[in-house]
Amino acid sequence: MLRVRGLTKSFVGNVVLRDADLEVRPGQVLGLVGENGAGKSTLMKILAGVHQPDAGTIEIDGETVTFGHPVQAQQRGLSTVFQEFNLLPERSVAENIWLGREPRRRGMVDTAAMNRDTEELLAGLGITGLKASRRVRSLSVAEQQIVEIAKAVSFDSRIIQMDEPTAALADHEVELLYRIIGTLTARGVAIIYVSHRLKEIFALCDTITVLKDGEQVATSPAAELDEGRLVRLMVGRSMSSFFPDPFPDTTVGEPRLELRGAGNGYVDDIDLTLRGGEIIGVAGLQGSGRTELLEAIFGVAPLTRGDLLIDGSAVTVRTPRQAVRRGLALVTEDRKATGLAVHQSILDNALGVVHAVFPSRTGEARRAMPGMLSTLAVSARSMAQEAQFLSGGNQQKVVLARWLSTRPGVVLMDEPTRGIDVGAKHAIYEVMRSLAAEGVAVLMVSSELPEVIGMSDRILVMRDGRIAGELPRGSSEETVLGMATGSLEVAS
Amino acid sequence: MTQITTTETQARPELVARPGTWGSRLATGLATPGGAVFVLVGVLLVSIMISNPNFTEPGALIRFAGRTAPIAIVAMGQYYVIVSGEFDLSMAAVITTQVVLAGNFIGQDEGRIIPGLLLMLVVGVLIGLVNGLATTLLKVPSFIVTLGTMLALTGLVRYITGGAATGNPVDSFRQIGRGGIEDVPVVGIIPYPVIILLVLCVASVWLMRRPFGRTLVAVGDNPDAAHYSGTPLWWIKTRAFILSALSATVAGILLVGYAGVHPSVGMGYEFSAITAVVLGGVLLGGGRGWVLSAAAGAFALELLFLLLTSLGVPSTWRDTVQGLIIIAAVALAARAWQGARRPRRAVPKNSERPSTNQPDPGTTTGEI
Amino acid sequence: MTRVRKLTSTGIVYSVLLLAIVVGAILTASNDRNFFSTGNIDNILTTTTILGFIAIGQTLVILVGSLDLSVPFVVSLASVVGGGIMAGSSGKIVPAVLVTLGLAVVIGLVNGVVVSLLKVHGFIATLGMGLILSGYLASNYQGSSGTAPRAFRLLDATRIGPVPIATLLMLAAALLAIWMLRRTRLGHHLYAVGGNAEVARMSGVRTQVPVIAAHVLCSVLAAIAGLLLLARLGVGQPTVGSQGNYDLMSIAAVVLGGTLLAGGKGNITGTLAGVAIFAVLDNVMGVMQTNPFLKDVVRGVVIVVAVAVYARRDLDRRPARFERPTGLDAALQEAK
């Protein structure tokens, strides 16, 4: 009933999706898998009417359609559950679901009917414990996810896309989602299911489409694939030569950062030792607590139990400021949201942390900055240029300069190469190696498995907020993914 | 400094601090809203000189500068708060408080001038501290906090004065506001307010180049990034509020000389200051704009009023003109700073709201 | 702790109001006066009425994510324009009211369009509009201007039982606004746009409509307040609005009533309580013969403290994985 032909999309000259074809039939679940940046999200957003394709056609029931706005897609029976919640926390479940199409009677919003419809809708999905009048703010993540799905269903949708719907859910909550999907497919609704969790893909999907680097590499019935083959299709490339080797003079030294039974609301039971000269990679699925681990160490969401040792002595870090003073640095995942002040100059951004925490060192850092920016190969017109006009790679280098100028002993990196070009990636890998050679300890979170494997001396795999296990350098992607999804238990 | 060595990636030549020649930099600077206000001041000045030949006299100009100094100083104070992403509605009330304080504490006793000045500064710091701490630690929007301080201060002042003019500080104190260095060639007199304004301008520019100033703007631009960088947001913003209250204090000291002691001195200054700051191209919500542009905005506003007067427009229309300007300035500046194709910056109040998955074609992240 | 959490925001506001009344009654009684005497109640209701009208409008504007600083000048304008057209003749009441309200609609429309289409922040747009009107008033009206005929003045003087008819009108307006917010799409969309304009847009809501509508309603309500002041004073006064400080006081009342200054959360009932709290404070301080200027000090402190209390409640974080009560488990059990 949905047929997609030759969908192509590029952003600022970067082709992120090329010639994608899809076909979905009623009651079918189509799995869409691929690594980060493979083009899954772009494909979904085109189908949802958020982006418009550069080329290609979308047909519903044999009729070619174009969506200029999400509402148009919904009217054609195609709705989307995005990863970020699109709910109003201060409004009720029913008000959120029917926003923009509130049922009316004699011109007035019929609240009773709205609540009744909502309860019916939820009951139809097998949910009875969620009151239509509850405020969304008071709901748990899983309940909010259910509201999002109910909203998608409420358009009388025949096709529903779901982007990583289980990312924030605990295991027992995932069961509930499975049941909802079962109910929907039994009604003839088709599901396009995007997930990194291969177990879910195999449990739910009839057909699996694999995207890699914006191209469709395979579409095949799920029965003809197994996890191993699927992983090879997703990653299948040799990247070993791409990652620089450790510098010859790198030696693993004393522990610089240690966690003993540490935890807070988001991570638990964390034990790890990070030595100077080491690069440790942290792998795990979306929502497994990787970013939360870094934020716990850095005092963004401080640890509430266990011990944190820096250079052998127990310390408390309750704010990022304390973390910075103790020689920690955190390169955050989202440069624009938490990394840079994009309307300020390169120089101000690069000196941002020094300005804020070590004002007395400003002069020294400022004098060293031109040299540092040039070693990092930042390409810009001048240091006065605003950060917003830099490419992603150059922005990331400025973020690095910002932290390196504080002379940190431990560098925490969250997705350090997300969304940047190959050349900049390579430069950042070299910086990591160079830091290690100087005795700095590096803890890197990444969802790109080749990167984790290519750069790390050891790999920690996280699952459900805990460390599921540790793998040695050079483990295969299959092993890492297996441990991350829980399909493979490795004694650590 | 950490020595980074790279084996394969080519180091690039060092970046220059600023691009282009001095002249081309000036041209680009003037093309931003923060620079355009200086052009506006120039244009208005020429128009006034043409419409009113009296104004070509250097003496008249410098006296005008003296009259405008208090509002320019208040505008610079408001700038610190606005550029950090907040508002200060209490400035006018602080001016009134300080004026009344001066009138009653100093009185006719010359010996109390110095203690009086110190007391005023301490009171200024305290008010700024309260505004800042209530905003940052109690998480009350600064609009509400400074509204509360404004009500409390005006109430207190009227309670003390009974709502009428009281107290009259000794003349030598009032000289700060209305006196000047006399017998200067060409201009005749250099009013003290002009000197104070110049000193504050230099100090402000210096301060904004210091780590504090850079951090202040960064906090206004992206408070989250500043927090992750270890910035103590509460202390940075509180210092902005202290600076703003101190600026109001200085303006109060000058206004005692001009206007005497009355609980209505300073009325309307908070909104005039916001108008001046906005006219200077400073973005409400923070992160954009220069401190001198705020002062220039005050001059542009006053020159505009002067021009209207010399064109024979009754002074009662001032407000209307100010209203039109403030709307036009904000509508234009938001677009000009942002550049034509850039996504619009969220208004300040939105910063606390949940992020949405708004498509952003400017991003080159992998997860598009 | 848990008890406080169970109270809704409006619940808290009404508890504060109740507390204010109890304390007020005790203080009044200690001055050998009766807080609940007809005269005193009448005094409180009268103070509530004018600010009530304006605060209802202000609530709508704040809910949609904007602000209105032009209300005091709309109040003044309504009083002089209405008074000018009536000019003491009862036959002209209807045209005067219609023209005044029409003028308010235009002002609100301009505010709304500047905010929603020119994307100028509500603070600046309405500050600008306020200044524009203020200049017009100062240029065209010196001193009081225009008179209300006796018939119109009855609007303020008539009482049904102890309740002034103007207060009833205000309550009727409040009910209408509550009905609008709860039972019309416009009301629902007002909350949605104030809560998150992008989510509203993605759901197919035309985001400009609620913004413009809220501004128009706010100006109209302010104009009604101006006409009531005309009825009370008998003459139109070009400064009656700015003297009342209605811009900041109405915002304060709205925020005191538990509405979020950033929009998207709050209600009219809370605002009415906010207005009433101010009225009770004023009244008690009046009875106690507190210096009128100290009232402002108390008001200022009350506003900041109240909002600080609300802010504590609204701190929210991502839901925790560990250390959290399992809210869904119950739902799961039921589902199984």
# chains A, B, ... in the order shown; residues from 1 in each chain; ligands from 1
call {"tool": "interface_residues", "arguments": {"of": "chain C", "to": "chain B", "cutoff": "7 Å", "atoms": "only C-alpha atoms", "output": "PyMOL selection string"}}
result
chain C and resi 118+120-121+124-125+127-129+131-136+138-139+198+262+291+293-298+300-301+303-304+307-308+311
call {"tool": "select_by_dssp", "arguments": {"residues": "stretch 52-267 of chain B", "states": "alpha helix (DSSP H)", "output": "JSON, numbers by chain"}}
result
{"B": [58, 59, 60, 61, 62, 63, 64, 65, 66, 67, 68, 69, 70, 71, 72, 73, 74, 75, 76, 77, 78, 79, 80, 81, 82, 83, 91, 92, 93, 94, 95, 96, 97, 98, 99, 100, 101, 113, 114, 115, 116, 117, 118, 119, 120, 121, 122, 123, 124, 125, 126, 127, 128, 129, 130, 131, 132, 133, 134, 135, 136, 142, 143, 144, 145, 146, 147, 148, 149, 150, 151, 152, 153, 154, 155, 156, 157, 158, 159, 160, 161, 171, 172, 173, 174, 175, 176, 177, 178, 192, 193, 194, 195, 196, 197, 198, 199, 200, 201, 202, 203, 204, 205, 206, 207, 208, 209, 211, 212, 213, 214, 215, 216, 217, 218, 219, 220, 221, 223, 224, 225, 226, 227, 228, 233, 234, 235, 236, 237, 238, 239, 240, 241, 242, 243, 244, 245, 246, 247, 248, 249, 250, 251, 252, 253, 254, 255, 256, 257, 258, 259]}
call {"tool": "atom_distance", "arguments": {"atom1": "atom CA of C:Leu175", "atom2": "atom CA of C:Ala213"}}
result
17.3 Å
call {"tool": "closest_residue", "arguments": {"among": "B:Leu216, B:Leu301, B:Ile127, B:Leu307", "to": "chain A", "atoms": "only C-alpha atoms"}}
result
B:Leu216
call {"tool": "interface_residues", "arguments": {"of": "chain A", "to": "chain C", "cutoff": "8 Å", "atoms": "only C-alpha atoms", "output": "PyMOL selection string"}}
result
chain A and resi 69-71+86-91+95+99-100+102+107-111+126-130+139-143+173+176+264-268+465
call {"tool": "write_last_selection", "arguments": {"atoms": "C-alpha atoms", "output": "PDB file, in the first residue's frame"}}
result
ATOM      1  CA  HIS A  69       3.713  19.370   6.102  1.00  0.00           C
ATOM      2  CA  PRO A  70       3.376  16.570   8.651  1.00  0.00           C
ATOM      3  CA  VAL A  71      -0.378  17.089   8.741  1.00  0.00           C
ATOM      4  CA  ASN A  86       6.176  15.926  20.569  1.00  0.00           C
ATOM      5  CA  LEU A  87       3.870  16.297  23.511  1.00  0.00           C
ATOM      6  CA  LEU A  88       2.747  19.257  25.573  1.00  0.00           C
ATOM      7  CA  PRO A  89       3.593  18.363  29.174  1.00  0.00           C
ATOM      8  CA  GLU A  90       0.970  20.660  30.682  1.00  0.00           C
ATOM      9  CA  ARG A  91      -1.939  19.242  28.702  1.00  0.00           C
ATOM     10  CA  GLU A  95      -5.796  17.039  24.585  1.00  0.00           C
ATOM     11  CA  LEU A  99      -4.574  18.622  19.260  1.00  0.00           C
ATOM     12  CA  GLY A 100      -5.610  20.475  16.129  1.00  0.00           C
ATOM     13  CA  GLU A 102     -10.550  18.427  18.783  1.00  0.00           C
ATOM     14  CA  GLY A 107     -19.128  24.449  17.822  1.00  0.00           C
ATOM     15  CA  MET A 108     -17.713  23.577  21.236  1.00  0.00           C
ATOM     16  CA  VAL A 109     -14.974  21.179  22.069  1.00  0.00           C
ATOM     17  CA  ASP A 110     -16.648  18.058  23.347  1.00  0.00           C
ATOM     18  CA  THR A 111     -14.335  17.171  26.210  1.00  0.00           C
ATOM     19  CA  GLY A 126      -4.819  -3.008  25.095  1.00  0.00           C
ATOM     20  CA  ILE A 127      -4.088  -0.222  27.566  1.00  0.00           C
ATOM     21  CA  THR A 128      -6.594   0.290  30.336  1.00  0.00           C
ATOM     22  CA  GLY A 129      -4.623   1.868  33.136  1.00  0.00           C
ATOM     23  CA  LEU A 130      -3.990   5.254  31.544  1.00  0.00           C
ATOM     24  CA  LEU A 139       3.431  10.242  32.970  1.00  0.00           C
ATOM     25  CA  SER A 140       6.477   8.005  32.839  1.00  0.00           C
ATOM     26  CA  VAL A 141       8.524   7.838  29.662  1.00  0.00           C
ATOM     27  CA  ALA A 142       6.877   4.580  28.666  1.00  0.00           C
ATOM     28  CA  GLU A 143       3.431   6.041  29.175  1.00  0.00           C
ATOM     29  CA  GLU A 173       8.028  -1.951  29.164  1.00  0.00           C
ATOM     30  CA  LEU A 176       3.973  -3.777  26.212  1.00  0.00           C
ATOM     31  CA  ASN A 264      22.756   7.946  40.369  1.00  0.00           C
ATOM     32  CA  GLY A 265      19.245   8.012  38.926  1.00  0.00           C
ATOM     33  CA  TYR A 266      20.425   7.084  35.463  1.00  0.00           C
ATOM     34  CA  VAL A 267      23.356   4.702  35.857  1.00  0.00           C
ATOM     35  CA  ASP A 268      24.092   2.104  38.490  1.00  0.00           C
ATOM     36  CA  GLY A 465      22.268   1.875  32.748  1.00  0.00           C
TER      37      GLY A 465
END
call {"tool": "residues_around", "arguments": {"residues": "C:Cys218", "least_positions_apart": "5", "cutoff": "8 Å", "atoms": "only C-alpha atoms", "output": "PyMOL selection string"}}
result
chain C and resi 54+56-58+60-61+68+71+108
call {"tool": "residues_around", "arguments": {"residues": "B:Val219", "least_positions_apart": "6", "cutoff": "9 Å", "atoms": "only C-alpha atoms", "output": "NGL selection string"}}
result
(:A and (341)) or (:B and (83-85 or 225-227 or 231 or 233 or 236-237 or 286-287))
call {"tool": "atom_distance", "arguments": {"atom1": "atom CA of A:Gln286", "atom2": "atom CA of A:Ala167"}}
result
5.7 Å
call {"tool": "residues_around", "arguments": {"residues": "B:Val205", "least_positions_apart": "5", "cutoff": "10 Å", "atoms": "only C-alpha atoms", "output": "PyMOL selection string"}}
result
chain B and resi 200+210+213+290-292
call {"tool": "write_last_selection", "arguments": {"atoms": "C-alpha atoms", "output": "PDB file, in the first residue's frame"}}
result
ATOM      1  CA  LEU B 200      32.539  54.325  32.376  1.00  0.00           C
ATOM      2  CA  ARG B 210      37.895  40.530  30.313  1.00  0.00           C
ATOM      3  CA  GLY B 213      32.645  39.991  29.917  1.00  0.00           C
ATOM      4  CA  TRP B 290      28.144  45.614  22.201  1.00  0.00           C
ATOM      5  CA  VAL B 291      28.159  47.703  25.330  1.00  0.00           C
ATOM      6  CA  LEU B 292      28.985  50.962  23.561  1.00  0.00           C
TER       7      LEU B 292
END
call {"tool": "atom_distance", "arguments": {"atom1": "atom CA of C:Gly11", "atom2": "atom CA of A:Lys131"}}
result
21.2 Å
call {"tool": "closest_residue", "arguments": {"among": "B:Ile253, B:Ile195, B:Met208, B:Val187", "to": "B:Thr56", "atoms": "only C-alpha atoms"}}
result
B:Val187
call {"tool": "select_by_dssp", "arguments": {"residues": "stretch 154-234 of chain C", "states": "strand (DSSP E or B)", "output": "PyMOL selection string"}}
result
chain C and resi 159-160+163-164
call {"tool": "closest_residue", "arguments": {"among": "B:Thr136, B:Asp171, B:Gly252, B:Gly179", "to": "B:Trp235", "atoms": "only C-alpha atoms"}}
result
B:Thr136
call {"tool": "residues_around", "arguments": {"residues": "B:Ile181", "least_positions_apart": "5", "cutoff": "10 Å", "atoms": "only C-alpha atoms", "output": "count of residues only"}}
result
6
call {"tool": "closest_residue", "arguments": {"among": "A:Asp156, A:Asp21, A:Glu451, A:Glu278", "to": "A:Arg76", "atoms": "only C-alpha atoms"}}
result
A:Asp156
call {"tool": "decode", "arguments": {"residues": "stretch 129-158 of chain B", "atoms": "N, CA and C atoms", "output": "short mmCIF file (atom, residue, chain, number, x, y, z; two decimals), in the first residue's frame"}}
result
data_model
loop_
_atom_site.label_atom_id
_atom_site.label_comp_id
_atom_site.auth_asym_id
_atom_site.auth_seq_id
_atom_site.Cartn_x
_atom_site.Cartn_y
_atom_site.Cartn_z
N LEU B 129 22.40 42.35 44.22
CA LEU B 129 22.57 41.01 44.79
C LEU B 129 21.22 40.33 44.97
N VAL B 130 20.26 41.07 45.51
CA VAL B 130 18.93 40.49 45.72
C VAL B 130 18.31 40.11 44.39
N ASN B 131 18.36 41.02 43.41
CA ASN B 131 17.81 40.72 42.09
C ASN B 131 18.46 39.47 41.51
N GLY B 132 19.77 39.43 41.58
CA GLY B 132 20.51 38.35 40.95
C GLY B 132 20.26 37.02 41.64
N LEU B 133 20.31 37.02 42.95
CA LEU B 133 20.14 35.75 43.66
C LEU B 133 18.72 35.22 43.53
N ALA B 134 17.75 36.12 43.59
CA ALA B 134 16.36 35.66 43.46
C ALA B 134 16.14 35.09 42.06
N THR B 135 16.77 35.69 41.05
CA THR B 135 16.59 35.20 39.70
C THR B 135 17.27 33.85 39.50
N THR B 136 18.51 33.75 39.99
CA THR B 136 19.28 32.55 39.65
C THR B 136 19.04 31.40 40.63
N LEU B 137 18.99 31.71 41.92
CA LEU B 137 18.86 30.61 42.88
C LEU B 137 17.41 30.23 43.14
N LEU B 138 16.53 31.21 43.20
CA LEU B 138 15.12 30.88 43.42
C LEU B 138 14.41 30.56 42.11
N LYS B 139 15.10 30.77 41.00
CA LYS B 139 14.55 30.45 39.67
C LYS B 139 13.24 31.21 39.37
N VAL B 140 13.15 32.44 39.88
CA VAL B 140 12.02 33.29 39.54
C VAL B 140 12.42 34.09 38.31
N PRO B 141 11.56 34.18 37.28
CA PRO B 141 11.95 34.95 36.10
C PRO B 141 12.38 36.36 36.50
N SER B 142 13.44 36.89 35.87
CA SER B 142 13.96 38.19 36.29
C SER B 142 12.92 39.28 36.10
N PHE B 143 12.03 39.08 35.14
CA PHE B 143 10.95 40.05 34.93
C PHE B 143 10.16 40.24 36.23
N ILE B 144 9.82 39.12 36.86
CA ILE B 144 9.03 39.17 38.09
C ILE B 144 9.87 39.68 39.26
N VAL B 145 11.10 39.19 39.37
CA VAL B 145 11.95 39.60 40.49
C VAL B 145 12.14 41.10 40.49
N THR B 146 12.53 41.64 39.33
CA THR B 146 12.85 43.06 39.29
C THR B 146 11.58 43.90 39.37
N LEU B 147 10.45 43.32 38.94
CA LEU B 147 9.17 43.99 39.15
C LEU B 147 8.90 44.10 40.64
N GLY B 148 9.17 43.00 41.35
CA GLY B 148 8.99 43.00 42.81
C GLY B 148 9.90 44.02 43.48
N THR B 149 11.18 44.03 43.09
CA THR B 149 12.11 45.01 43.68
C THR B 149 11.64 46.42 43.37
N MET B 150 11.15 46.62 42.15
CA MET B 150 10.69 47.95 41.76
C MET B 150 9.56 48.40 42.67
N LEU B 151 8.57 47.52 42.86
CA LEU B 151 7.43 47.88 43.72
C LEU B 151 7.92 48.16 45.15
N ALA B 152 8.77 47.28 45.64
CA ALA B 152 9.23 47.42 47.02
C ALA B 152 10.00 48.73 47.20
N LEU B 153 10.90 49.03 46.27
CA LEU B 153 11.72 50.23 46.41
C LEU B 153 10.88 51.50 46.28
N THR B 154 10.01 51.56 45.24
CA THR B 154 9.21 52.79 45.10
C THR B 154 8.32 52.97 46.31
N GLY B 155 7.74 51.88 46.78
CA GLY B 155 6.89 51.98 47.96
C GLY B 155 7.66 52.53 49.15
N LEU B 156 8.84 51.96 49.34
CA LEU B 156 9.68 52.35 50.47
C LEU B 156 10.04 53.83 50.39
N VAL B 157 10.45 54.24 49.18
CA VAL B 157 10.87 55.62 49.00
C VAL B 157 9.72 56.57 49.27
N ARG B 158 8.55 56.23 48.74
CA ARG B 158 7.40 57.13 48.96
C ARG B 158 7.00 57.13 50.41
#
